[in-house]
$ cat upload.cif   # mmCIF, C-alpha atoms and all ligand atoms
data_data
loop_
_atom_site.group_PDB
_atom_site.id
_atom_site.type_symbol
_atom_site.label_atom_id
_atom_site.label_comp_id
_atom_site.auth_asym_id
_atom_site.auth_seq_id
_atom_site.Cartn_x
_atom_site.Cartn_y
_atom_site.Cartn_z
ATOM 1 C CA MET F 1 -2.985 11.620 21.487
ATOM 2 C CA ALA F 2 -0.865 8.901 23.103
ATOM 3 C CA LYS F 3 1.802 7.437 20.849
ATOM 4 C CA ILE F 4 2.139 3.745 20.149
ATOM 5 C CA ILE F 5 4.880 1.466 21.467
ATOM 6 C CA PHE F 6 5.805 -1.782 19.718
ATOM 7 C CA ALA F 7 7.589 -4.230 22.032
ATOM 8 C CA ASN F 8 9.721 -6.454 19.822
ATOM 9 C CA TRP F 9 10.783 -9.298 22.090
ATOM 10 C CA LYS F 10 12.864 -10.757 19.244
ATOM 11 C CA ASN F 11 14.094 -14.234 20.251
ATOM 12 C CA LYS F 12 14.897 -13.252 23.806
ATOM 13 C CA ILE F 13 11.828 -14.772 25.468
ATOM 14 C CA THR F 14 12.113 -18.441 24.746
ATOM 15 C CA THR F 15 9.622 -20.227 26.984
ATOM 16 C CA GLU F 16 5.856 -20.060 27.073
ATOM 17 C CA ALA F 17 5.891 -19.402 30.829
ATOM 18 C CA ASP F 18 8.198 -16.375 30.424
ATOM 19 C CA ALA F 19 6.160 -15.057 27.522
ATOM 20 C CA VAL F 20 2.921 -15.276 29.481
ATOM 21 C CA GLU F 21 4.498 -13.691 32.564
ATOM 22 C CA LEU F 22 5.944 -10.774 30.600
ATOM 23 C CA ALA F 23 2.665 -10.213 28.756
ATOM 24 C CA ARG F 24 0.708 -10.168 32.023
ATOM 25 C CA ALA F 25 3.163 -7.768 33.637
ATOM 26 C CA THR F 26 3.159 -5.256 30.783
ATOM 27 C CA ASP F 27 -0.391 -5.526 29.390
ATOM 28 C CA ALA F 28 -1.480 -1.950 28.624
ATOM 29 C CA LYS F 29 -3.460 0.006 26.050
ATOM 30 C CA GLY F 30 -1.244 1.640 23.465
ATOM 31 C CA LEU F 31 1.234 -1.212 23.565
ATOM 32 C CA VAL F 32 1.728 -3.843 20.859
ATOM 33 C CA LEU F 33 3.497 -7.001 22.013
ATOM 34 C CA LEU F 34 5.514 -8.954 19.462
ATOM 35 C CA PRO F 35 6.331 -12.343 20.991
ATOM 36 C CA LEU F 36 7.824 -15.234 19.093
ATOM 37 C CA HIS F 37 5.159 -16.570 16.766
ATOM 38 C CA GLU F 38 4.953 -19.873 18.663
ATOM 39 C CA PHE F 39 3.709 -18.081 21.805
ATOM 40 C CA LEU F 40 1.154 -15.842 20.124
ATOM 41 C CA SER F 41 -1.935 -17.795 21.157
ATOM 42 C CA GLU F 42 -0.790 -18.168 24.763
ATOM 43 C CA VAL F 43 -0.015 -14.471 25.013
ATOM 44 C CA ARG F 44 -3.337 -13.630 23.424
ATOM 45 C CA ALA F 45 -5.107 -15.635 26.095
ATOM 46 C CA VAL F 46 -3.743 -13.448 28.900
ATOM 47 C CA VAL F 47 -3.728 -9.886 27.519
ATOM 48 C CA GLN F 48 -6.720 -7.612 27.848
ATOM 49 C CA HIS F 49 -5.420 -4.190 26.847
ATOM 50 C CA ALA F 50 -2.335 -4.616 24.681
ATOM 51 C CA GLU F 51 -2.573 -5.532 21.011
ATOM 52 C CA LEU F 52 -0.439 -8.214 19.399
ATOM 53 C CA GLY F 53 1.810 -8.520 16.417
ATOM 54 C CA VAL F 54 4.216 -10.931 14.777
ATOM 55 C CA GLN F 55 7.914 -10.375 14.187
ATOM 56 C CA ASP F 56 7.585 -11.563 10.628
ATOM 57 C CA TYR F 57 4.607 -12.236 8.364
ATOM 58 C CA ALA F 58 2.903 -15.577 9.001
ATOM 59 C CA PRO F 59 -0.242 -16.835 7.232
ATOM 60 C CA ASP F 60 -1.962 -17.707 10.518
ATOM 61 C CA ALA F 61 -1.008 -14.496 12.328
ATOM 62 C CA PHE F 62 -4.381 -12.783 12.005
ATOM 63 C CA VAL F 63 -6.437 -15.767 13.135
ATOM 64 C CA SER F 64 -4.038 -16.267 16.033
ATOM 65 C CA GLY F 65 -4.819 -12.773 17.301
ATOM 66 C CA ALA F 66 -2.134 -10.567 15.739
ATOM 67 C CA ARG F 67 -3.151 -7.215 14.308
ATOM 68 C CA TYR F 68 0.293 -6.065 13.179
ATOM 69 C CA SER F 69 3.173 -7.674 11.328
ATOM 70 C CA LEU F 70 6.763 -6.525 11.116
ATOM 71 C CA VAL F 71 8.219 -6.935 7.650
ATOM 72 C CA GLY F 72 11.806 -6.312 6.660
ATOM 73 C CA HIS F 73 13.138 -6.148 10.196
ATOM 74 C CA ALA F 74 16.958 -6.068 10.281
ATOM 75 C CA ASP F 75 17.044 -9.645 11.607
ATOM 76 C CA ARG F 76 14.959 -10.851 8.659
ATOM 77 C CA ARG F 77 16.977 -8.917 6.104
ATOM 78 C CA ALA F 78 20.151 -10.398 7.648
ATOM 79 C CA ALA F 79 18.564 -13.851 7.359
ATOM 80 C CA GLY F 80 18.053 -13.367 3.628
ATOM 81 C CA ASP F 81 14.776 -11.512 3.090
ATOM 82 C CA THR F 82 15.273 -9.488 -0.071
ATOM 83 C CA ASP F 83 13.270 -6.393 -0.976
ATOM 84 C CA GLY F 84 11.190 -8.661 -3.238
ATOM 85 C CA ILE F 85 10.360 -11.096 -0.431
ATOM 86 C CA ILE F 86 9.577 -8.210 1.887
ATOM 87 C CA ALA F 87 7.220 -6.670 -0.681
ATOM 88 C CA GLU F 88 5.379 -9.953 -0.993
ATOM 89 C CA LYS F 89 5.087 -10.418 2.776
ATOM 90 C CA LEU F 90 3.836 -6.866 3.172
ATOM 91 C CA ALA F 91 1.125 -7.362 0.569
ATOM 92 C CA LEU F 92 0.118 -10.694 2.112
ATOM 93 C CA ALA F 93 -0.102 -9.067 5.535
ATOM 94 C CA VAL F 94 -2.411 -6.352 4.183
ATOM 95 C CA ARG F 95 -4.516 -8.905 2.347
ATOM 96 C CA ASP F 96 -4.952 -10.821 5.612
ATOM 97 C CA GLY F 97 -6.103 -7.708 7.472
ATOM 98 C CA LEU F 98 -2.848 -7.079 9.332
ATOM 99 C CA ILE F 99 -1.270 -3.643 9.593
ATOM 100 C CA PRO F 100 2.307 -3.968 8.329
ATOM 101 C CA ILE F 101 5.290 -2.275 9.911
ATOM 102 C CA LEU F 102 7.865 -1.889 7.172
ATOM 103 C CA CYS F 103 11.338 -1.598 8.715
ATOM 104 C CA VAL F 104 13.902 0.363 6.756
ATOM 105 C CA GLY F 105 17.385 1.505 7.649
ATOM 106 C CA GLU F 106 20.916 1.810 6.394
ATOM 107 C CA SER F 107 23.996 -0.051 7.620
ATOM 108 C CA ARG F 108 27.014 1.699 9.076
ATOM 109 C CA ALA F 109 28.924 1.162 5.823
ATOM 110 C CA GLU F 110 26.074 2.618 3.761
ATOM 111 C CA ARG F 111 25.899 5.633 6.031
ATOM 112 C CA GLY F 112 29.677 5.998 5.745
ATOM 113 C CA SER F 113 29.533 6.026 1.967
ATOM 114 C CA GLY F 114 26.765 8.590 1.902
ATOM 115 C CA VAL F 115 24.093 6.385 0.310
ATOM 116 C CA THR F 116 21.539 6.430 3.148
ATOM 117 C CA ASN F 117 18.848 8.172 1.122
ATOM 118 C CA GLU F 118 19.233 5.762 -1.787
ATOM 119 C CA VAL F 119 18.917 2.796 0.565
ATOM 120 C CA LEU F 120 15.832 4.202 2.294
ATOM 121 C CA LYS F 121 14.212 5.113 -1.000
ATOM 122 C CA ARG F 122 14.806 1.632 -2.425
ATOM 123 C CA GLN F 123 13.581 -0.193 0.686
ATOM 124 C CA LEU F 124 10.452 1.975 0.905
ATOM 125 C CA LYS F 125 9.602 1.872 -2.774
ATOM 126 C CA GLN F 126 10.210 -1.839 -3.218
ATOM 127 C CA GLY F 127 8.670 -2.775 0.110
ATOM 128 C CA LEU F 128 5.369 -1.177 -0.926
ATOM 129 C CA SER F 129 5.546 -2.233 -4.565
ATOM 130 C CA ARG F 130 3.225 -5.259 -4.351
ATOM 131 C CA LEU F 131 0.420 -3.281 -2.767
ATOM 132 C CA ARG F 132 -0.780 -2.226 -6.165
ATOM 133 C CA ASP F 133 -1.890 -5.846 -6.750
ATOM 134 C CA LEU F 134 -4.487 -5.349 -4.041
ATOM 135 C CA ASN F 135 -7.680 -3.441 -4.284
ATOM 136 C CA PHE F 136 -7.890 -0.895 -1.493
ATOM 137 C CA GLU F 137 -8.653 2.775 -1.109
ATOM 138 C CA ILE F 138 -6.634 3.573 1.962
ATOM 139 C CA CYS F 139 -4.064 1.245 3.419
ATOM 140 C CA PRO F 140 -2.614 1.940 6.873
ATOM 141 C CA VAL F 141 1.093 1.147 7.125
ATOM 142 C CA TYR F 142 3.741 1.925 9.720
ATOM 143 C CA VAL F 143 7.196 2.727 8.428
ATOM 144 C CA ALA F 144 9.873 2.168 11.059
ATOM 145 C CA TYR F 145 13.188 3.916 10.597
ATOM 146 C CA GLU F 146 15.727 1.611 12.217
ATOM 147 C CA PRO F 147 19.324 2.426 11.307
ATOM 148 C CA LEU F 148 21.288 -0.816 11.633
ATOM 149 C CA TRP F 149 24.157 0.949 13.376
ATOM 150 C CA ALA F 150 21.809 1.994 16.185
ATOM 151 C CA ILE F 151 20.216 -1.406 16.891
ATOM 152 C CA SER F 152 21.440 -2.753 20.207
ATOM 153 C CA ASN F 153 22.599 -6.188 18.913
ATOM 154 C CA GLY F 154 25.952 -4.948 17.683
ATOM 155 C CA VAL F 155 28.855 -4.390 20.048
ATOM 156 C CA ASP F 156 29.700 -0.989 18.633
ATOM 157 C CA HIS F 157 26.214 0.396 18.164
ATOM 158 C CA GLU F 158 25.625 4.067 18.767
ATOM 159 C CA GLN F 159 22.577 6.153 19.461
ATOM 160 C CA CYS F 160 20.805 7.847 16.581
ATOM 161 C CA SER F 161 19.980 11.416 17.550
ATOM 162 C CA VAL F 162 16.390 12.613 17.386
ATOM 163 C CA GLU F 163 17.471 15.154 14.757
ATOM 164 C CA THR F 164 18.856 12.422 12.502
ATOM 165 C CA ALA F 165 15.787 10.224 12.996
ATOM 166 C CA VAL F 166 13.446 13.113 12.172
ATOM 167 C CA HIS F 167 15.529 14.084 9.166
ATOM 168 C CA ARG F 168 15.328 10.533 7.777
ATOM 169 C CA ILE F 169 11.623 10.281 8.501
ATOM 170 C CA ALA F 170 11.055 13.565 6.647
ATOM 171 C CA TYR F 171 12.857 12.066 3.670
ATOM 172 C CA LEU F 172 10.723 8.915 3.818
ATOM 173 C CA LYS F 173 7.540 11.019 3.947
ATOM 174 C CA GLU F 174 8.635 12.951 0.914
ATOM 175 C CA GLN F 175 9.399 9.751 -0.990
ATOM 176 C CA LEU F 176 6.036 8.293 -0.120
ATOM 177 C CA LEU F 177 4.332 11.362 -1.569
ATOM 178 C CA HIS F 178 6.193 10.760 -4.833
ATOM 179 C CA LEU F 179 4.990 7.152 -4.884
ATOM 180 C CA GLY F 180 1.456 8.434 -4.828
ATOM 181 C CA CYS F 181 -0.100 5.175 -3.618
ATOM 182 C CA GLY F 182 -3.080 5.046 -1.239
ATOM 183 C CA VAL F 183 -0.855 4.310 1.730
ATOM 184 C CA GLN F 184 -1.685 6.126 4.934
ATOM 185 C CA ALA F 185 1.628 5.962 6.734
ATOM 186 C CA LYS F 186 2.707 6.593 10.284
ATOM 187 C CA TYR F 187 6.333 6.684 11.273
ATOM 188 C CA LEU F 188 8.212 4.930 14.043
ATOM 189 C CA TYR F 189 11.746 5.174 15.271
ATOM 190 C CA GLY F 190 13.638 2.100 16.510
ATOM 191 C CA GLY F 191 17.194 1.475 17.661
ATOM 192 C CA SER F 192 18.506 1.414 21.248
ATOM 193 C CA VAL F 193 15.422 3.053 22.706
ATOM 194 C CA THR F 194 15.438 2.950 26.517
ATOM 195 C CA SER F 195 13.438 4.622 29.258
ATOM 196 C CA LYS F 196 16.182 7.272 29.378
ATOM 197 C CA ASN F 197 15.908 8.446 25.780
ATOM 198 C CA ALA F 198 12.309 7.496 24.868
ATOM 199 C CA GLU F 199 10.862 10.918 25.730
ATOM 200 C CA GLU F 200 13.232 12.705 23.365
ATOM 201 C CA TYR F 201 11.808 10.747 20.447
ATOM 202 C CA LEU F 202 8.229 10.668 21.644
ATOM 203 C CA TYR F 203 7.994 14.394 22.212
ATOM 204 C CA ASN F 204 8.833 15.051 18.601
ATOM 205 C CA LYS F 205 5.692 15.583 16.536
ATOM 206 C CA ASP F 206 7.104 13.791 13.489
ATOM 207 C CA ILE F 207 7.585 10.481 15.289
ATOM 208 C CA ASP F 208 4.312 8.586 15.850
ATOM 209 C CA GLY F 209 5.705 5.848 18.068
ATOM 210 C CA LEU F 210 8.642 3.598 18.883
ATOM 211 C CA LEU F 211 9.827 0.103 18.023
ATOM 212 C CA VAL F 212 11.632 -1.138 21.118
ATOM 213 C CA GLY F 213 13.808 -4.249 21.213
ATOM 214 C CA ALA F 214 16.081 -5.071 24.142
ATOM 215 C CA ALA F 215 14.386 -2.671 26.590
ATOM 216 C CA SER F 216 10.977 -4.208 25.863
ATOM 217 C CA ILE F 217 11.687 -7.419 27.771
ATOM 218 C CA ASN F 218 12.481 -5.517 30.965
ATOM 219 C CA VAL F 219 9.190 -4.849 32.741
ATOM 220 C CA GLU F 220 10.247 -1.614 34.458
ATOM 221 C CA GLU F 221 11.893 -0.264 31.322
ATOM 222 C CA LEU F 222 8.860 -0.984 29.181
ATOM 223 C CA LYS F 223 6.460 0.475 31.706
ATOM 224 C CA ASN F 224 8.481 3.681 31.867
ATOM 225 C CA ILE F 225 8.633 3.944 28.065
ATOM 226 C CA TRP F 226 4.897 3.307 27.875
ATOM 227 C CA HIS F 227 4.328 5.964 30.500
ATOM 228 C CA SER F 228 6.285 8.508 28.423
ATOM 229 C CA ALA F 229 4.222 7.521 25.387
ATOM 230 C CA SER F 230 0.937 7.930 27.164
ATOM 231 C CA LYS F 231 1.897 11.517 28.093
ATOM 232 C CA SER F 232 3.129 12.395 24.607
HETATM 233 P P1 LIG C 1 16.858 -2.438 20.085
HETATM 234 O O1 LIG C 1 16.202 -3.215 18.879
HETATM 235 O O2 LIG C 1 15.807 -1.569 20.714
HETATM 236 O O3 LIG C 1 17.338 -3.525 20.999
HETATM 237 O O4 LIG C 1 17.996 -1.627 19.532
HETATM 238 C C1 LIG C 1 15.314 -2.604 18.001
HETATM 239 C C2 LIG C 1 14.875 -3.620 16.988
HETATM 240 O O5 LIG C 1 15.682 -4.476 16.587
HETATM 241 O O6 LIG C 1 13.702 -3.601 16.564
#
$ encode --input "upload.cif" --output "structure tokens"
Amino acid sequence: MAKIIFANWKNKITTEADAVELARATDAKGLVLLPLHEFLSEVRAVVQHAELGVQDYAPDAFVSGARYSLVGHADRRAAGDTDGIIAEKLALAVRDGLIPILCVGESRAERGSGVTNEVLKRQLKQGLSRLRDLNFEICPVYVAYEPLWAISNGVDHEQCSVETAVHRIAYLKEQLLHLGCGVQAKYLYGGSVTSKNAEEYLYNKDIDGLLVGAASINVEELKNIWHSASKS
């Protein structure tokens, strides 16, 4: 089955005209476009195949056409979203009918001091903690492993190997089993994904899709990544 690609435009597409043009040029099944919230309705009006999401939970996201919501993305955590805020946003997203994508990942310093597993465990456990307030049998959630040191914003970022990503995802899966909630999780990798390395991640059976930032606003790059996903 084809794997899913989330195109996180972040704040790089800043006009409605550019957002609409990029959406038109990349519109494809299996792709989820995450424009800035303010352009959601305009993008919705032009896409026929792609699905839509928001970069952070918003109360009007579902009615504006989004089906997915990032929560706990590195940019939001850096802007002050605590695990408690993230948990609340995740539960609100589920309540609204959105599928949440919970982003987790350790910083370079945390990796250096050997506390990656503790960080991932805390972010996962706390991020899902408010779900118990809701009444559901099975709740679909994406968990995106995005190590901060691999995200392309930083000057000294480095690539996270597929082996490391898979190792961390295996740990997250194990932790989710311990939590024993009705969450039906799928796992994404994100951090400096390009058309050159996308296949390595996509061809691994433990990775269900990719969260792509910088490369997702380049039409050729995104098309090539999508193409790899549709073959995977
Ligand atoms: P990147 O961003 O692909 O540019 O590293 C990923 C993200 O921030 O979601």
$ closest_atom_pairs --input "upload.cif" --of "range 25-132 of chain F" --to "range 148-165 of chain F" --cutoff "9 Å" --atoms "only C-alpha atoms" --output "CSV"
residue,atom,partner,partner_atom,distance
F:Ala74,CA,F:Leu148,CA,6.9
F:Val104,CA,F:Leu148,CA,8.9
F:Gly105,CA,F:Leu148,CA,6.0
F:Glu106,CA,F:Leu148,CA,5.9
F:Ser107,CA,F:Leu148,CA,4.9
F:Arg108,CA,F:Trp149,CA,5.2
F:Ala109,CA,F:Trp149,CA,8.9
F:Arg111,CA,F:Trp149,CA,8.9
$ residues_around --input "upload.cif" --residues "Asp206 in chain F" --least-positions-apart "3" --cutoff "9 Å" --atoms "all atoms listed in the file" --output "PyMOL selection string"
chain F and resi 166+169-170+187-188+201-203
$ atom_distance --input "upload.cif" --atom1 "CA of Gln184 in chain F" --atom2 "CA of Tyr142 in chain F"
8.4 Å
$ residues_near_ligand --input "upload.cif" --ligand "ligand LIG 1 (chain C)" --cutoff "6 Å" --atoms "all atoms listed in the file" --output "list in words"
Asn8, Ile151, Ser152, Gly190, Gly191, Ser192, Val193, Leu211, Val212, Gly213 and Ala214 of chain F
$ resolve_selection --input "upload.cif" --expression "the PyMOL selection byres (((chain F and resi 61-65) around 8) and not hetatm)" --output "number ranges by chain"
F: 37, 40-41, 44, 52-54, 57-60, 66-67, 96-98
$ residues_around --input "upload.cif" --residues "Gln48 in chain F" --least-positions-apart "3" --cutoff "9 Å" --atoms "all atoms listed in the file" --output "list in words"
Arg24, Asp27, Ala28, Lys29, Arg44, Ala45 and Glu51 of chain F
$ closest_residue --input "upload.cif" --among "F:Val141, F:Leu36, F:Val46, F:Leu128" --to "Asn11 in chain F" --atoms "all atoms listed in the file"
F:Leu36
$ resolve_selection --input "upload.cif" --expression "the PyMOL selection byres (((chain F and resi 172) around 9) and not hetatm)" --output "list in words"
Asn117, Leu120, Lys121, Leu124, Val143, Tyr145, His167, Arg168, Ile169, Ala170, Tyr171, Lys173, Glu174, Gln175, Leu176, Leu177 and Tyr187 of chain F
$ write_last_selection --input "upload.cif" --atoms "C-alpha atoms" --output "CSV table (one decimal), keeping the file's coordinate frame"
chain,number,residue,atom,x,y,z
F,117,ASN,CA,18.8,8.2,1.1
F,120,LEU,CA,15.8,4.2,2.3
F,121,LYS,CA,14.2,5.1,-1.0
F,124,LEU,CA,10.5,2.0,0.9
F,143,VAL,CA,7.2,2.7,8.4
F,145,TYR,CA,13.2,3.9,10.6
F,167,HIS,CA,15.5,14.1,9.2
F,168,ARG,CA,15.3,10.5,7.8
F,169,ILE,CA,11.6,10.3,8.5
F,170,ALA,CA,11.1,13.6,6.6
F,171,TYR,CA,12.9,12.1,3.7
F,173,LYS,CA,7.5,11.0,3.9
F,174,GLU,CA,8.6,13.0,0.9
F,175,GLN,CA,9.4,9.8,-1.0
F,176,LEU,CA,6.0,8.3,-0.1
F,177,LEU,CA,4.3,11.4,-1.6
F,187,TYR,CA,6.3,6.7,11.3
$ closest_residue --input "upload.cif" --among "F:His73, F:Lys196, F:Lys89, F:Lys12" --to "Ser129 in chain F" --atoms "only C-alpha atoms"
F:Lys89
$ atom_distance --input "upload.cif" --atom1 "CA of Ala25 in chain F" --atom2 "CA of Val219 in chain F"
6.8 Å
$ atom_distance --input "upload.cif" --atom1 "CA of Gly72 in chain F" --atom2 "CA of Lys10 in chain F"
13.4 Å
$ resolve_selection --input "upload.cif" --expression "the PyMOL selection byres (((chain F and resi 183) around 7) and not hetatm)" --output "short mmCIF file (atom, residue, chain, number, x, y, z; two decimals) with C-alpha atoms, in the frame of the given file"
data_model
loop_
_atom_site.label_atom_id
_atom_site.label_comp_id
_atom_site.auth_asym_id
_atom_site.auth_seq_id
_atom_site.Cartn_x
_atom_site.Cartn_y
_atom_site.Cartn_z
CA ILE F 138 -6.63 3.57 1.96
CA CYS F 139 -4.06 1.25 3.42
CA PRO F 140 -2.61 1.94 6.87
CA VAL F 141 1.09 1.15 7.12
CA CYS F 181 -0.10 5.18 -3.62
CA GLY F 182 -3.08 5.05 -1.24
CA GLN F 184 -1.68 6.13 4.93
CA ALA F 185 1.63 5.96 6.73
#
$ closest_residue --input "upload.cif" --among "F:Val94, F:Ala78, F:Leu22, F:Ile85" --to "Leu131 in chain F" --atoms "only C-alpha atoms"
F:Val94
$ residues_around --input "upload.cif" --residues "Val71 in chain F" --least-positions-apart "4" --cutoff "7 Å" --atoms "only C-alpha atoms" --output "VMD selection string"
chain F and resid 56 to 57 86 89 to 90 100 to 103
$ closest_residue --input "upload.cif" --among "F:Ala50, F:Gly112, F:Arg95, F:Glu200" --to "Gly30 in chain F" --atoms "all atoms listed in the file"
F:Ala50
$ closest_residue --input "upload.cif" --among "F:Leu70, F:Ala23, F:Leu92, F:Leu31" --to "Val47 in chain F" --atoms "all atoms listed in the file"
F:Ala23
$ closest_residue --input "upload.cif" --among "F:Leu179, F:Ala198, F:Leu33, F:Ala91" --to "Leu134 in chain F" --atoms "all atoms listed in the file"
F:Ala91
